[in-house]
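Visitor: Mind looking over this structure? Questions follow.
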Amino acid sequence: MKKQLISCLMFCMTTPAISADTTPTRSSVPTWQSQARQQIEAKNFDQAINVLLQADEKQSADWHNLMGYSLRKKSPPNLSEAEKHYQSALAKEPKHRGALEYYGELLLLKNDLAGAETMLSRLDNACSFGCEEYRDLKKSIIEFKTRK
(Lines give C-alpha, C1' and ligand atoms only; values in the text may rest on other atoms or scores of the structure.)
Protein backbone atom coordinates (compact mmCIF):
# COMPACT_ATOMS: atom_id res chain seq x y z
CA MET A 1 0.00 0.00 0.00
CA LYS A 2 2.85 2.37 0.86
CA LYS A 3 4.49 1.68 -2.50
CA GLN A 4 1.25 2.54 -4.32
CA LEU A 5 0.88 5.78 -2.39
CA ILE A 6 4.50 6.75 -3.02
CA SER A 7 4.13 5.91 -6.72
CA CYS A 8 1.00 8.01 -6.93
CA LEU A 9 2.68 10.97 -5.21
CA MET A 10 5.73 10.71 -7.45
CA PHE A 11 3.53 10.64 -10.55
CA CYS A 12 1.57 13.70 -9.38
CA MET A 13 4.74 15.63 -8.59
CA THR A 14 6.40 14.93 -11.93
CA THR A 15 3.34 15.30 -14.17
CA PRO A 16 2.66 18.90 -15.19
CA ALA A 17 -0.68 20.31 -14.19
CA ILE A 18 -3.11 20.57 -17.05
CA SER A 19 -4.60 23.95 -16.33
CA ALA A 20 -3.84 25.96 -19.45
CA ASP A 21 -7.31 25.42 -20.85
CA THR A 22 -9.07 26.32 -17.61
CA THR A 23 -8.07 30.00 -17.70
CA PRO A 24 -10.57 32.12 -19.61
CA THR A 25 -9.08 33.80 -22.63
CA ARG A 26 -9.23 37.57 -22.78
CA SER A 27 -10.64 39.17 -25.86
CA SER A 28 -8.32 41.42 -27.78
CA VAL A 29 -8.07 45.08 -26.87
CA PRO A 30 -10.47 47.20 -28.95
CA THR A 31 -8.84 49.38 -31.60
CA TRP A 32 -10.18 52.58 -30.04
CA GLN A 33 -8.57 51.66 -26.72
CA SER A 34 -5.12 50.95 -28.14
CA GLN A 35 -5.27 54.10 -30.29
CA ALA A 36 -6.36 56.25 -27.36
CA ARG A 37 -3.59 54.81 -25.16
CA GLN A 38 -1.02 55.57 -27.87
CA GLN A 39 -2.20 59.19 -27.99
CA ILE A 40 -2.15 59.41 -24.19
CA GLU A 41 1.40 58.02 -24.03
CA ALA A 42 2.42 60.67 -26.58
CA LYS A 43 0.65 63.29 -24.40
CA ASN A 44 -1.72 64.13 -27.28
CA PHE A 45 -4.72 64.36 -24.99
CA ASP A 46 -6.97 66.27 -27.41
CA GLN A 47 -6.32 63.59 -30.04
CA ALA A 48 -7.03 60.86 -27.48
CA ILE A 49 -10.38 62.54 -26.77
CA ASN A 50 -11.15 62.57 -30.51
CA VAL A 51 -10.33 58.86 -30.78
CA LEU A 52 -12.55 58.11 -27.79
CA LEU A 53 -15.43 60.18 -29.17
CA GLN A 54 -15.31 58.14 -32.39
CA ALA A 55 -15.31 54.79 -30.57
CA ASP A 56 -18.19 52.37 -31.11
CA GLU A 57 -18.26 51.50 -27.42
CA LYS A 58 -18.71 54.51 -25.18
CA GLN A 59 -20.24 52.89 -22.13
CA SER A 60 -17.49 50.70 -20.69
CA ALA A 61 -15.60 51.52 -17.51
CA ASP A 62 -12.36 51.55 -19.52
CA TRP A 63 -13.77 54.09 -21.99
CA HIS A 64 -14.92 56.40 -19.18
CA ASN A 65 -11.60 56.02 -17.38
CA LEU A 66 -9.56 56.95 -20.46
CA MET A 67 -11.88 59.85 -21.26
CA GLY A 68 -11.63 61.13 -17.68
CA TYR A 69 -7.84 60.82 -17.76
CA SER A 70 -7.57 62.66 -21.09
CA LEU A 71 -9.87 65.46 -19.93
CA ARG A 72 -7.90 65.84 -16.69
CA LYS A 73 -4.51 65.90 -18.41
CA LYS A 74 -5.31 68.12 -21.40
CA SER A 75 -4.45 71.80 -21.40
CA PRO A 76 -6.47 73.42 -20.01
CA PRO A 77 -7.91 70.54 -17.99
CA ASN A 78 -11.64 69.97 -17.73
CA LEU A 79 -11.87 68.65 -14.18
CA SER A 80 -15.66 68.70 -13.87
CA GLU A 81 -16.14 66.55 -16.99
CA ALA A 82 -13.24 64.28 -16.01
CA GLU A 83 -14.86 63.72 -12.61
CA LYS A 84 -18.16 62.71 -14.26
CA HIS A 85 -16.33 60.12 -16.35
CA TYR A 86 -14.45 58.68 -13.36
CA GLN A 87 -17.74 58.44 -11.49
CA SER A 88 -19.35 56.68 -14.47
CA ALA A 89 -16.43 54.24 -14.69
CA LEU A 90 -16.75 53.43 -10.99
CA ALA A 91 -20.53 53.09 -11.23
CA LYS A 92 -20.01 50.43 -13.89
CA GLU A 93 -17.02 48.77 -12.24
CA PRO A 94 -16.57 49.81 -8.58
CA LYS A 95 -13.14 48.16 -8.31
CA HIS A 96 -11.69 49.67 -11.51
CA ARG A 97 -8.16 50.30 -10.31
CA GLY A 98 -7.28 52.94 -12.91
CA ALA A 99 -10.41 54.97 -12.22
CA LEU A 100 -9.87 54.74 -8.46
CA GLU A 101 -6.30 56.00 -8.77
CA TYR A 102 -7.03 58.76 -11.27
CA TYR A 103 -10.14 59.94 -9.46
CA GLY A 104 -8.08 60.13 -6.27
CA GLU A 105 -5.51 62.26 -8.10
CA LEU A 106 -8.26 64.52 -9.41
CA LEU A 107 -9.60 64.92 -5.87
CA LEU A 108 -6.14 66.03 -4.75
CA LEU A 109 -6.20 68.69 -7.49
CA LYS A 110 -9.45 69.88 -5.90
CA ASN A 111 -7.78 69.88 -2.44
CA ASP A 112 -10.08 67.06 -1.32
CA LEU A 113 -7.64 65.00 0.74
CA ALA A 114 -10.42 63.04 2.48
CA GLY A 115 -11.90 62.04 -0.88
CA ALA A 116 -8.50 60.95 -2.19
CA GLU A 117 -7.93 58.88 0.95
CA THR A 118 -11.31 57.23 0.39
CA MET A 119 -10.19 56.27 -3.13
CA LEU A 120 -6.94 54.91 -1.63
CA SER A 121 -8.94 52.79 0.81
CA ARG A 122 -11.10 51.48 -2.03
CA LEU A 123 -7.94 50.69 -4.00
CA ASP A 124 -6.57 48.79 -1.04
CA ASN A 125 -9.70 46.62 -1.14
CA ALA A 126 -9.54 46.23 -4.94
CA CYS A 127 -5.87 45.20 -5.04
CA SER A 128 -4.82 41.73 -4.01
CA PHE A 129 -1.45 41.95 -2.26
CA GLY A 130 -0.95 45.56 -3.36
CA CYS A 131 -0.81 47.05 -6.83
CA GLU A 132 0.84 49.84 -8.78
CA GLU A 133 -2.28 52.03 -8.71
CA TYR A 134 -2.36 51.89 -4.91
CA ARG A 135 1.33 52.76 -4.61
CA ASP A 136 0.99 55.64 -7.10
CA LEU A 137 -2.00 57.20 -5.35
CA LYS A 138 -0.40 56.74 -1.94
CA LYS A 139 2.72 58.54 -3.21
CA SER A 140 0.55 61.38 -4.58
CA ILE A 141 -1.22 61.72 -1.23
CA ILE A 142 2.10 61.84 0.65
CA GLU A 143 3.38 64.51 -1.74
CA PHE A 144 0.13 66.46 -1.29
CA LYS A 145 0.48 66.36 2.48
CA THR A 146 4.09 67.56 2.40
CA ARG A 147 3.09 70.58 0.29
CA LYS A 148 0.46 71.66 2.82
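Order determines the names: the first chain of the C-alpha coordinates is A, the second B, and so forth; residues in each chain are numbered 1 upward, and ligands are numbered 1 upward as they are shown.
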Compile a residue-level contact table for region 13-100 of chain A against region 124-148 of chain A at a cut-off of 10 Å, reporting for every qualifying residue the shortest atom pair and its distance in Å to one decimal, with only C-alpha atoms counted, rows ordered by chain and ascending number, as JSON lines.

Guide:
```
{"residue": "A:Pro94", "atom": "CA", "partner": "A:Ala126", "partner_atom": "CA", "distance": 8.7}
{"residue": "A:Lys95", "atom": "CA", "partner": "A:Ala126", "partner_atom": "CA", "distance": 5.3}
{"residue": "A:His96", "atom": "CA", "partner": "A:Ala126", "partner_atom": "CA", "distance": 7.7}
{"residue": "A:Arg97", "atom": "CA", "partner": "A:Glu133", "partner_atom": "CA", "distance": 6.3}
{"residue": "A:Gly98", "atom": "CA", "partner": "A:Glu133", "partner_atom": "CA", "distance": 6.6}
{"residue": "A:Ala99", "atom": "CA", "partner": "A:Glu133", "partner_atom": "CA", "distance": 9.3}
{"residue": "A:Leu100", "atom": "CA", "partner": "A:Glu133", "partner_atom": "CA", "distance": 8.1}
```

Visitor: So how far away is CA of Leu113 (chain A) from CA of Gln59 (chain A), in Å?

Guide: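 About the pair CA of Gln59 (chain A) and CA of Leu113 (chain A): they are 28.8 Å apart.
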
Visitor: Can you work out which one of A:Leu109, A:Leu79, A:Glu101, A:Leu66 has the shortest atom-to-atom distance to Glu41 (chain A), counting only C-alpha atoms?

Guide: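 Answer, going by the shortest atom-to-atom distance: A:Leu66.
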
Visitor: Env of Pro76 (chain A): 12 Å cut, atoms = only C-alpha atoms, seq-sep filter 5 positions within chain, self excluded. Answer as a ChimeraX atom specification.

Guide: /A:45-46,70-71
